[in-house]
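Next comes start_18.cif, with mmCIF, C-alpha atoms.
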data_start
loop_
_atom_site.label_atom_id
_atom_site.label_comp_id
_atom_site.auth_asym_id
_atom_site.auth_seq_id
_atom_site.Cartn_x
_atom_site.Cartn_y
_atom_site.Cartn_z
CA MET A 311 79.82 6.11 -21.16
CA ASN A 312 82.11 8.95 -20.09
CA ILE A 313 79.89 12.03 -20.15
CA PRO A 314 80.79 15.59 -19.12
CA LEU A 315 78.69 16.66 -16.20
CA ALA A 316 76.45 19.66 -15.64
CA THR A 317 73.88 20.57 -13.06
CA LEU A 318 71.67 17.52 -12.65
CA ALA A 319 68.31 17.01 -10.97
CA VAL A 320 68.90 15.40 -7.58
CA ILE A 321 66.74 12.81 -5.94
CA ALA A 322 65.33 13.87 -2.62
CA ILE A 323 63.91 10.72 -1.16
CA ILE A 324 64.51 9.39 2.34
CA GLY A 325 66.39 6.05 2.18
CA VAL A 326 64.64 2.80 2.86
CA ALA A 327 66.09 -0.15 4.75
CA CYS A 328 66.75 -3.25 2.70
CA GLU A 329 64.03 -5.45 4.10
CA PRO A 330 61.75 -7.57 1.90
CA PRO A 331 58.02 -6.87 1.60
CA GLN A 332 55.43 -9.17 3.09
CA THR A 333 54.24 -10.51 -0.27
CA PRO A 334 56.49 -12.86 -2.26
CA PRO A 335 57.92 -11.70 -5.60
CA ALA A 336 56.53 -12.94 -8.89
CA LYS A 337 58.18 -14.90 -11.69
CA GLN A 338 61.47 -16.07 -10.21
CA VAL A 339 63.71 -18.89 -11.26
CA VAL A 340 66.43 -20.62 -9.29
CA ALA A 341 69.93 -20.64 -10.74
CA SER A 342 71.78 -23.88 -11.31
CA PRO A 343 75.56 -24.22 -11.54
CA ALA A 344 76.90 -23.22 -14.95
CA PRO A 345 78.47 -26.03 -17.01
CA GLY A 346 82.08 -25.45 -17.91
CA ASN A 347 82.58 -22.69 -15.34
CA SER A 348 86.35 -22.48 -15.07
CA LEU A 349 86.49 -20.03 -12.16
CA GLN A 350 88.53 -21.21 -9.21
CA GLU A 351 86.36 -21.85 -6.18
CA THR A 352 87.92 -20.39 -3.04
CA ARG A 353 84.79 -20.10 -0.94
CA PRO A 354 82.24 -22.65 0.26
CA THR A 355 79.41 -23.21 -2.18
CA PRO A 356 76.70 -20.66 -1.27
CA PRO A 357 72.99 -21.48 -1.07
CA ALA A 358 71.06 -21.56 -4.32
CA VAL A 359 70.59 -18.06 -5.70
CA VAL A 360 67.22 -16.65 -6.71
CA HIS A 361 67.24 -14.76 -10.03
CA VAL A 362 64.58 -12.25 -10.94
CA ALA A 363 62.94 -13.20 -14.23
CA THR A 364 63.38 -10.82 -17.16
CA PRO A 365 60.49 -8.34 -17.22
CA ASP A 366 58.48 -8.13 -20.43
CA THR A 367 58.91 -4.36 -20.32
CA LEU A 368 62.17 -3.21 -18.77
CA ARG A 369 62.58 0.27 -17.33
CA GLY A 370 65.85 0.85 -15.57
CA LEU A 371 68.30 3.25 -13.98
CA TYR A 372 72.10 3.22 -14.02
CA VAL A 373 73.80 2.84 -10.61
CA ASN A 374 77.47 3.80 -10.57
CA ARG A 375 79.96 2.02 -8.32
CA TRP A 376 80.04 4.79 -5.71
CA ALA A 377 76.25 4.89 -5.53
CA ALA A 378 76.19 1.12 -5.13
CA LEU A 379 78.71 1.27 -2.29
CA GLY A 380 77.04 4.16 -0.48
CA SER A 381 73.69 5.10 0.97
CA LYS A 382 72.33 6.19 -2.41
CA LEU A 383 71.59 2.58 -3.33
CA LYS A 384 68.83 2.46 -0.71
CA ILE A 385 67.37 5.62 -2.22
CA LEU A 386 67.37 4.10 -5.70
CA ILE A 387 65.80 0.88 -4.48
CA ASP A 388 63.05 2.92 -2.82
CA LEU A 389 62.62 4.91 -6.03
CA ALA A 390 62.17 1.67 -8.00
CA ARG A 391 59.69 0.37 -5.44
CA LYS A 392 57.52 3.46 -5.87
CA THR A 393 57.77 4.09 -9.62
CA GLU A 394 57.61 2.33 -12.97
CA VAL A 395 61.34 1.51 -12.68
CA ASN A 396 61.83 -2.25 -12.42
CA ALA A 397 65.56 -2.67 -13.12
CA LEU A 398 68.89 -1.34 -11.87
CA VAL A 399 72.08 -1.47 -13.94
CA ILE A 400 74.86 -1.72 -11.35
CA ASP A 401 78.57 -1.27 -12.01
CA VAL A 402 80.27 -4.63 -11.45
CA LYS A 403 83.40 -3.48 -13.32
CA ASP A 404 83.54 0.24 -13.98
CA ASP A 405 85.51 2.26 -16.54
CA ARG A 406 88.46 2.56 -14.16
CA GLY A 407 88.74 -1.22 -14.06
CA PHE A 408 87.56 -1.71 -10.48
CA VAL A 409 85.28 -4.61 -9.52
CA LEU A 410 82.44 -4.04 -7.05
CA TYR A 411 83.14 -6.96 -4.70
CA PRO A 412 85.91 -9.45 -3.81
CA SER A 413 86.21 -11.63 -6.89
CA ASP A 414 87.19 -15.23 -7.47
CA VAL A 415 88.25 -14.42 -11.04
CA PRO A 416 92.04 -14.98 -10.94
CA LEU A 417 92.95 -11.98 -13.11
CA ALA A 418 90.82 -9.60 -11.04
CA HIS A 419 92.54 -10.80 -7.89
CA GLU A 420 96.00 -10.67 -9.47
CA ILE A 421 95.76 -7.00 -10.48
CA GLY A 422 93.83 -5.93 -7.37
CA ALA A 423 90.75 -4.93 -9.36
CA ASP A 424 88.51 -5.80 -6.43
CA THR A 425 90.56 -4.20 -3.63
CA ALA A 426 93.14 -1.74 -5.02
CA ASP A 427 91.11 1.42 -4.50
CA GLY A 428 90.25 0.50 -0.91
CA HIS A 429 86.50 0.43 -1.54
CA TRP A 430 84.42 -2.65 -2.21
CA MET A 431 81.19 -4.37 -1.23
CA SER A 432 81.43 -7.49 0.92
CA ARG A 433 79.91 -10.68 -0.43
CA ALA A 434 77.48 -10.68 2.49
CA LYS A 435 76.26 -7.17 1.69
CA LEU A 436 76.02 -7.99 -2.02
CA ARG A 437 73.88 -10.99 -1.22
CA ALA A 438 71.63 -8.84 0.98
CA VAL A 439 71.30 -6.25 -1.79
CA LEU A 440 70.46 -8.83 -4.46
CA ASP A 441 67.99 -10.60 -2.16
CA THR A 442 66.30 -7.25 -1.51
CA LEU A 443 66.06 -6.51 -5.23
CA ALA A 444 64.55 -9.94 -5.81
CA ALA A 445 62.05 -9.46 -3.00
CA HIS A 446 60.89 -6.19 -4.55
CA ARG A 447 60.86 -7.63 -8.10
CA ILE A 448 63.64 -5.30 -9.23
CA TYR A 449 65.72 -6.83 -12.04
CA PRO A 450 69.48 -6.59 -11.29
CA ILE A 451 71.78 -6.06 -14.29
CA ALA A 452 75.56 -6.23 -13.93
CA ARG A 453 77.44 -3.66 -16.02
CA VAL A 454 80.87 -4.87 -17.10
CA VAL A 455 83.11 -2.40 -18.94
CA VAL A 456 85.40 -4.18 -21.42
CA ALA A 457 87.98 -2.17 -23.39
CA LYS A 458 88.22 0.93 -21.20
CA ASP A 459 90.17 -0.54 -18.30
CA PRO A 460 93.18 1.60 -17.37
CA LEU A 461 93.92 -0.63 -14.39
CA LEU A 462 94.37 -3.80 -16.45
CA ALA A 463 96.06 -1.91 -19.30
CA SER A 464 98.67 -0.51 -16.89
CA LYS A 465 99.21 -3.82 -15.09
CA LYS A 466 99.41 -5.93 -18.26
CA LEU A 467 101.15 -3.74 -20.81
CA ASN A 468 101.04 -6.49 -23.42
CA LEU A 469 97.25 -6.05 -23.57
CA ALA A 470 97.32 -2.26 -24.06
CA ILE A 471 97.00 -0.41 -27.37
CA LYS A 472 100.51 0.53 -28.54
CA ARG A 473 101.88 3.59 -30.31
CA LYS A 474 103.46 3.07 -33.72
CA SER A 475 106.38 5.32 -32.86
CA ASP A 476 107.84 3.46 -29.87
CA LEU A 477 105.45 0.57 -29.04
CA GLN A 478 104.69 2.17 -25.68
CA PRO A 479 101.08 2.29 -24.45
CA TRP A 480 98.89 4.73 -26.36
CA LEU A 481 97.21 7.22 -23.99
CA ASP A 482 93.83 8.89 -24.43
CA LYS A 483 93.16 12.60 -23.88
CA ASN A 484 92.98 11.98 -20.13
CA GLY A 485 96.35 10.24 -20.07
CA ASN A 486 94.92 6.74 -19.62
CA PRO A 487 95.87 3.57 -21.52
CA TRP A 488 93.21 1.45 -23.22
CA LEU A 489 93.02 -2.27 -23.81
CA ASP A 490 93.54 -3.42 -27.38
CA PRO A 491 90.23 -5.04 -28.44
CA HIS A 492 92.15 -7.52 -30.61
CA HIS A 493 93.30 -9.43 -27.50
CA ARG A 494 91.03 -12.35 -26.68
CA GLU A 495 92.18 -12.26 -23.03
CA ILE A 496 90.28 -9.06 -22.26
CA TRP A 497 87.03 -10.54 -23.54
CA GLN A 498 87.65 -13.75 -21.59
CA TYR A 499 88.15 -11.62 -18.48
CA ALA A 500 84.83 -9.90 -19.09
CA ALA A 501 83.14 -13.27 -19.64
CA ASP A 502 84.60 -14.66 -16.40
CA LEU A 503 83.31 -11.65 -14.47
CA ALA A 504 79.92 -12.04 -16.14
CA ARG A 505 79.64 -15.69 -15.12
CA GLU A 506 80.63 -14.82 -11.59
CA ALA A 507 78.08 -11.99 -11.42
CA TYR A 508 75.31 -14.29 -12.61
CA ASN A 509 76.25 -17.01 -10.15
CA LEU A 510 76.12 -14.42 -7.35
CA GLY A 511 72.58 -13.39 -8.28
CA PHE A 512 72.62 -10.82 -11.09
CA SER A 513 70.01 -11.74 -13.68
CA GLU A 514 71.71 -10.19 -16.71
CA VAL A 515 75.09 -8.81 -17.78
CA GLN A 516 75.47 -5.68 -19.86
CA PHE A 517 78.81 -5.19 -21.61
CA ASP A 518 79.90 -1.60 -22.16
CA TYR A 519 82.84 -0.06 -24.07
CA VAL A 520 82.79 -2.88 -26.59
CA ARG A 521 84.78 -0.70 -28.96
CA PHE A 522 87.97 1.14 -29.79
CA PRO A 523 88.65 4.59 -28.26
CA ASP A 524 86.71 7.44 -29.89
CA GLU A 525 89.67 9.72 -30.65
CA LYS A 526 90.47 10.41 -34.30
CA ARG A 527 94.23 10.54 -33.70
CA LEU A 528 94.15 6.89 -32.66
CA GLN A 529 94.02 5.79 -36.30
CA ARG A 530 97.31 7.46 -37.18
CA GLU A 531 99.09 6.84 -33.87
CA ALA A 532 98.27 3.22 -32.96
CA THR A 533 99.43 -0.12 -34.27
CA TYR A 534 97.61 -3.44 -34.01
CA PRO A 535 99.88 -6.49 -34.48
CA LEU A 536 96.96 -8.91 -34.08
CA ALA A 537 94.71 -7.30 -36.71
CA ASN A 538 95.76 -9.67 -39.51
CA GLY A 539 94.00 -7.54 -42.09
CA ARG A 540 90.73 -7.32 -40.21
CA VAL A 541 88.89 -4.00 -40.04
CA ARG A 542 87.77 -2.68 -36.66
CA ALA A 543 84.11 -3.62 -37.13
CA GLN A 544 85.07 -7.23 -37.90
CA VAL A 545 87.16 -7.41 -34.73
CA ILE A 546 84.30 -6.15 -32.56
CA ARG A 547 81.89 -8.56 -34.27
CA GLU A 548 84.14 -11.55 -33.65
CA GLN A 549 84.83 -10.61 -30.04
CA LEU A 550 81.17 -10.08 -29.24
CA GLY A 551 80.46 -13.47 -30.76
CA PHE A 552 83.18 -14.98 -28.59
CA ILE A 553 81.90 -13.44 -25.39
CA ARG A 554 78.36 -14.55 -26.18
CA ARG A 555 79.51 -18.14 -26.65
CA ALA A 556 81.61 -17.97 -23.49
CA VAL A 557 78.67 -16.78 -21.38
CA LYS A 558 75.78 -18.47 -23.17
CA PRO A 559 75.82 -21.75 -21.21
CA LEU A 560 74.19 -19.67 -18.50
CA PRO A 561 70.45 -18.92 -18.88
CA MET A 562 70.83 -15.15 -19.12
CA ARG A 563 70.73 -12.46 -21.79
CA VAL A 564 73.96 -11.10 -23.20
CA THR A 565 73.61 -7.39 -23.92
CA ALA A 566 75.85 -4.60 -25.20
CA ASP A 567 75.85 -0.81 -25.07
CA VAL A 568 76.65 1.01 -28.33
CA PHE A 569 76.87 4.59 -29.53
CA GLY A 570 73.45 5.99 -30.39
CA LEU A 571 74.57 7.30 -33.76
CA THR A 572 75.53 3.80 -34.94
CA ALA A 573 71.95 3.26 -36.06
CA THR A 574 72.27 6.23 -38.42
CA ASP A 575 75.95 6.40 -39.41
CA THR A 576 76.83 3.81 -42.06
CA THR A 577 80.53 3.68 -41.10
CA ASP A 578 82.05 2.14 -37.98
CA MET A 579 82.50 5.68 -36.62
CA GLY A 580 86.17 4.92 -36.06
CA ILE A 581 85.35 2.77 -33.02
CA GLY A 582 84.50 -0.56 -34.64
CA GLN A 583 80.74 -0.31 -34.09
CA LYS A 584 78.84 -0.84 -37.34
CA TRP A 585 75.16 -1.65 -36.83
CA GLU A 586 74.81 -4.62 -39.18
CA MET A 587 78.08 -6.12 -37.88
CA PHE A 588 77.14 -6.29 -34.20
CA VAL A 589 73.34 -6.35 -33.96
CA ASP A 590 73.14 -10.13 -34.39
CA GLN A 591 75.96 -10.93 -31.95
CA VAL A 592 74.08 -10.22 -28.70
CA ASP A 593 70.61 -10.81 -27.32
CA VAL A 594 69.92 -7.13 -26.61
CA VAL A 595 71.61 -4.05 -28.05
CA LEU A 596 71.29 -0.78 -26.15
CA PRO A 597 71.97 2.31 -28.29
CA MET A 598 72.83 5.37 -26.19
CA VAL A 599 70.59 7.79 -28.05
CA TYR A 600 71.36 10.82 -25.92
CA PRO A 601 70.17 13.93 -27.81
CA SER A 602 73.13 15.92 -26.44
CA HIS A 603 75.51 13.58 -28.28
CA PHE A 604 74.16 14.27 -31.77
CA ALA A 605 75.98 16.95 -33.77
CA ARG A 606 74.20 20.11 -34.83
CA GLY A 607 72.40 19.57 -38.11
CA THR A 608 71.82 15.85 -37.55
CA TYR A 609 68.34 14.89 -38.80
CA LYS A 610 68.16 18.48 -40.11
CA LEU A 611 67.83 19.71 -36.54
CA ARG A 612 69.76 22.86 -35.74
CA ASN A 613 70.30 21.64 -32.19
CA PRO A 614 69.24 17.99 -31.63
CA ASN A 615 69.66 18.42 -27.90
CA ALA A 616 66.83 20.98 -27.92
CA HIS A 617 64.54 18.50 -29.71
CA PRO A 618 64.63 15.28 -27.68
CA TYR A 619 61.46 13.81 -29.20
CA GLU A 620 62.51 14.41 -32.80
CA THR A 621 66.07 13.20 -32.20
CA ILE A 622 65.00 9.94 -30.57
CA ASP A 623 62.24 9.46 -33.15
CA ASN A 624 64.73 9.67 -36.02
CA ALA A 625 67.37 7.52 -34.33
CA LEU A 626 64.95 4.71 -33.49
CA LYS A 627 63.39 4.76 -36.96
CA ASP A 628 66.89 4.31 -38.39
CA ALA A 629 67.53 1.44 -35.96
CA LEU A 630 64.35 -0.31 -37.06
CA GLU A 631 65.20 0.15 -40.74
CA ARG A 632 68.79 -1.02 -40.39
CA THR A 633 67.69 -4.11 -38.45
CA LYS A 634 65.07 -5.35 -40.94
CA ALA A 635 67.47 -7.29 -43.15
CA VAL A 636 69.53 -8.83 -40.32
CA THR A 637 68.67 -12.40 -39.42
CA GLY A 638 68.78 -13.09 -35.70
CA ALA A 639 68.97 -9.41 -34.79
CA ALA A 640 69.00 -8.45 -31.12
CA LYS A 641 66.16 -6.83 -29.26
CA ILE A 642 66.66 -3.07 -28.99
CA ILE A 643 66.37 -1.21 -25.68
CA PRO A 644 67.40 2.46 -25.84
CA TRP A 645 69.30 4.46 -23.25
CA TYR A 646 67.88 7.96 -22.65
CA GLN A 647 69.57 10.90 -20.97
CA ASP A 648 68.60 12.22 -17.56
CA PHE A 649 71.40 14.77 -17.40
CA THR A 650 72.13 18.19 -18.82
CA LEU A 651 74.92 18.74 -21.34
CA GLY A 652 74.56 22.09 -23.05
CA PRO A 653 71.31 24.00 -23.54
CA PRO A 654 68.55 23.43 -22.76
CA HIS A 655 68.52 22.15 -19.19
CA TYR A 656 66.92 18.71 -19.03
CA TYR A 657 63.90 18.55 -16.78
CA ALA A 658 61.03 16.06 -16.62
CA GLU A 659 59.60 17.46 -19.86
CA GLN A 660 62.70 16.54 -21.89
CA ILE A 661 62.95 13.09 -20.34
CA ARG A 662 59.28 12.36 -20.95
CA ALA A 663 59.70 13.49 -24.57
CA GLN A 664 62.40 10.85 -25.08
CA LYS A 665 60.24 8.15 -23.56
CA LYS A 666 57.28 9.14 -25.74
CA ALA A 667 59.41 8.96 -28.89
CA GLY A 668 60.33 5.42 -27.93
CA TYR A 669 56.74 4.42 -27.22
CA ASP A 670 55.59 5.90 -30.53
CA ASN A 671 58.13 3.72 -32.34
CA GLY A 672 57.24 0.53 -30.50
CA PHE A 673 59.94 0.60 -27.81
CA PRO A 674 58.24 0.25 -24.41
CA SER A 675 61.51 -0.53 -22.60
CA TRP A 676 64.23 1.98 -21.71
CA ILE A 677 67.06 2.75 -19.29
CA LEU A 678 67.97 6.20 -17.99
CA TRP A 679 71.58 7.32 -17.69
CA ASN A 680 72.85 9.83 -15.20
CA PRO A 681 76.60 9.63 -14.46
CA LYS A 682 76.03 10.53 -10.79
CA SER A 683 72.97 8.25 -10.51
CA ASN A 684 70.74 11.23 -9.64
CA TYR A 685 67.35 10.97 -11.33
CA THR A 686 64.38 13.22 -12.07
CA ILE A 687 61.49 11.75 -10.12
CA ALA A 688 58.86 13.84 -11.91
CA ALA A 689 59.73 12.08 -15.18
CA LEU A 690 58.70 8.70 -13.78
CA GLU A 691 55.24 7.18 -13.50
CA PRO A 692 54.02 5.58 -10.26
CA ARG A 693 54.63 1.87 -9.98
CA PRO A 694 51.71 -0.10 -11.41
CA LYS A 695 49.64 -2.00 -8.88
CA SER A 696 50.30 -5.72 -9.06
#
Can you give me the file's structure in the form of structure tokens?
Amino acid sequence: MNIPLATLAVIAIIGVACEPPQTPPAKQVVASPAPGNSLQETRPTPPAVVHVATPDTLRGLYVNRWAALGSKLKILIDLARKTEVNALVIDVKDDRGFVLYPSDVPLAHEIGADTADGHWMSRAKLRAVLDTLAAHRIYPIARVVVAKDPLLASKKLNLAIKRKSDLQPWLDKNGNPWLDPHHREIWQYAADLAREAYNLGFSEVQFDYVRFPDEKRLQREATYPLANGRVRAQVIREQLGFIRRAVKPLPMRVTADVFGLTATDTTDMGIGQKWEMFVDQVDVVLPMVYPSHFARGTYKLRNPNAHPYETIDNALKDALERTKAVTGAAKIIPWYQDFTLGPPHYYAEQIRAQKKAGYDNGFPSWILWNPKSNYTIAALEPRPKS
């Protein structure tokens, strides 16, 4: 979810220490070892982990890797304690390819994904963070980025998308290589990280960048030796199915982020995401229905970004319609924007309008995205009394 940044509303809350409340949390289950877990064990078996049960209505915030590593995490935990927010989506592997903590996944260790940038969270601190979230009934979700991984693509060139002209790695507009989604190894890597995250105490794993790069020139510049006649949408469908099977022995939901326009656009948008082809391959699909990302004229709106309610209303109605005929379709939880990208500036009014559009269409759950993990407090309701 690489989003250009503008001036964003900043949280101004004093941090809270990570100590549990006096009352025990509700609805928790204890994890058991996952059958068939192939990860190499290099540490003593830790005590049984407590997982927070999936809330009936999920309302979350995105926590980027830097926020998770710094003091801002305490601020966000305090924000969740005081408001309707009951979930945090934390970067476990970000879109640079770095893992949050020292990993036992062999590939992560081999390429230095957990240590190469010099910043990581110790296992002891991670355990303290997850125990604190459980104590406050805050649902921890691990975000694992799949295809956008310049670290792995540069370390394992055989896994990178190649140019037709010279079979060298194809580079995006920022000069970074991408992983070729045809390679099963990259999805196995994501599955291994997901299993590890769950066994450490995350309750759910959310897979992001389950797609091809969104640059039109890719189609004329890249070659895919492993395609074997398959179209992009079929590749993404098959790989999502694989990762679901690889993770499913664990009692957790498998979820995926997708472009918001996929519910409206009937093509694969050039990225391999076609609604009917992926919506039955995960337990939850999370369309990123950011009004700023809809082109002018979409839904007959001159500027969709200036009409957050109408934009979300149309997008979610399309999602409902497109899902009707799909057997075994995933639950839908939308991402909303809490950032400004072009006029108008997004304040509490615009964020509340997005939430209302969801409620009016039968979507009580949502997650807010801000790339800097700064959120608009005035857009959030106080935490309900338990």
Check your understanding: From the list A:Ala605, A:Val456, A:Val359, A:Ala377, which residue is nearest Tyr508 (chain A) when using only C-alpha atoms?
Key -> A:Val359
Practice item. May I have the residues within 9 Å of Tyr609 (chain A) as JSON, numbers by chain, using only C-alpha atoms and disregarding those fewer than 6 positions away in the same chain? Key: {"A": [620, 621, 624, 625]}
Check your understanding: Could you name the residues that touch region 460-469 of chain A at 10 Å or less, counting only C-alpha atoms, but leaving out those on the same chain fewer than 6 positions away, as a VMD selection string?
Key -> chain A and resid 405 to 408 417 to 418 420 to 423 426 478 to 479 481 485 to 496
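What separates CA of Asn538 (chain A) from CA of Thr576 (chain A) is a distance of 23.4 Å.
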Residue members of the PyMOL selection byres ((chain A and resi 447) around 8) in the file shown, as a CSV table (one decimal) with C-alpha atoms, in the coordinates of the input:
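Generated file (result-v6.csv):
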chain,number,residue,atom,x,y,z
A,335,PRO,CA,57.9,-11.7,-5.6
A,336,ALA,CA,56.5,-12.9,-8.9
A,362,VAL,CA,64.6,-12.2,-10.9
A,396,ASN,CA,61.8,-2.2,-12.4
A,443,LEU,CA,66.1,-6.5,-5.2
A,444,ALA,CA,64.6,-9.9,-5.8
A,445,ALA,CA,62.0,-9.5,-3.0
A,446,HIS,CA,60.9,-6.2,-4.6
A,448,ILE,CA,63.6,-5.3,-9.2
A,449,TYR,CA,65.7,-6.8,-12.0
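Between CA of Glu631 (chain A) and CA of Asp578 (chain A) the separation is 17.2 Å.
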Practice item. Compile the contact shell of Pro597 (chain A) as a ChimeraX atom specification: residues with an atom at most 12 Å away, counting all atoms listed in the file, same-chain residues fewer than 5 positions apart removed. Key: /A:311,518-519,565-574,583-585,588-589,603,622,625-626,628-630,640-647,676-679
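If you measure from each of A:Glu514, A:Asp427, A:Asp648, A:Asp401 to Pro365 (chain A) using only C-alpha atoms, the closest one turns out to be A:Glu514.
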**Study point:** Residue members of the PyMOL selection byres ((chain A and resi 384-390) around 10) in the file shown, as a PyMOL selection string
**Key:** chain A and resi 321-328+369-373+377-378+380-383+391-398+439+442-443+446-448+683-685+687+690+692-693
**Study point:** Spatial neighbours of Glu506 (chain A), max dist 8 Å, all atoms listed in the file, sep filter under 4 positions, as a list in words
**Key:** Leu349, Ser413, Asp414, Val415, Asp502 and Leu510 of chain A
Check your understanding: With only C-alpha atoms as the basis for distance, which of A:Ala616, A:Ala452, A:Leu550, A:Val545 is at the shortest distance from Trp497 (chain A)?
Key -> A:Leu550
Point to revise | Atom pair CA of Val557 (chain A) / CA of Ala501 (chain A): separation (Å) | key: 5.9 Å
Exercise for review: Would you kindly return, as JSON, numbers by chain, each protein, DNA or RNA residue with an atom no farther than 6 Å from any atom of Tyr411 (chain A), considering only C-alpha atoms and excluding same-chain residues fewer than 6 positions away?
Suggested key: {"A": [424, 430, 431, 432]}
Exercise for review: Determine the residue membership of the PyMOL selection byres ((chain A and resi 689) around 7) for the file above and supply it as a ChimeraX atom specification.
Suggested key: /A:658,661-662,686-688,690-691
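In terms of minimum interatomic distance to Thr637 (chain A), A:Met587 ranks closest within A:Met587, A:Leu440, A:Ile400, A:Val409, counting all atoms listed in the file.
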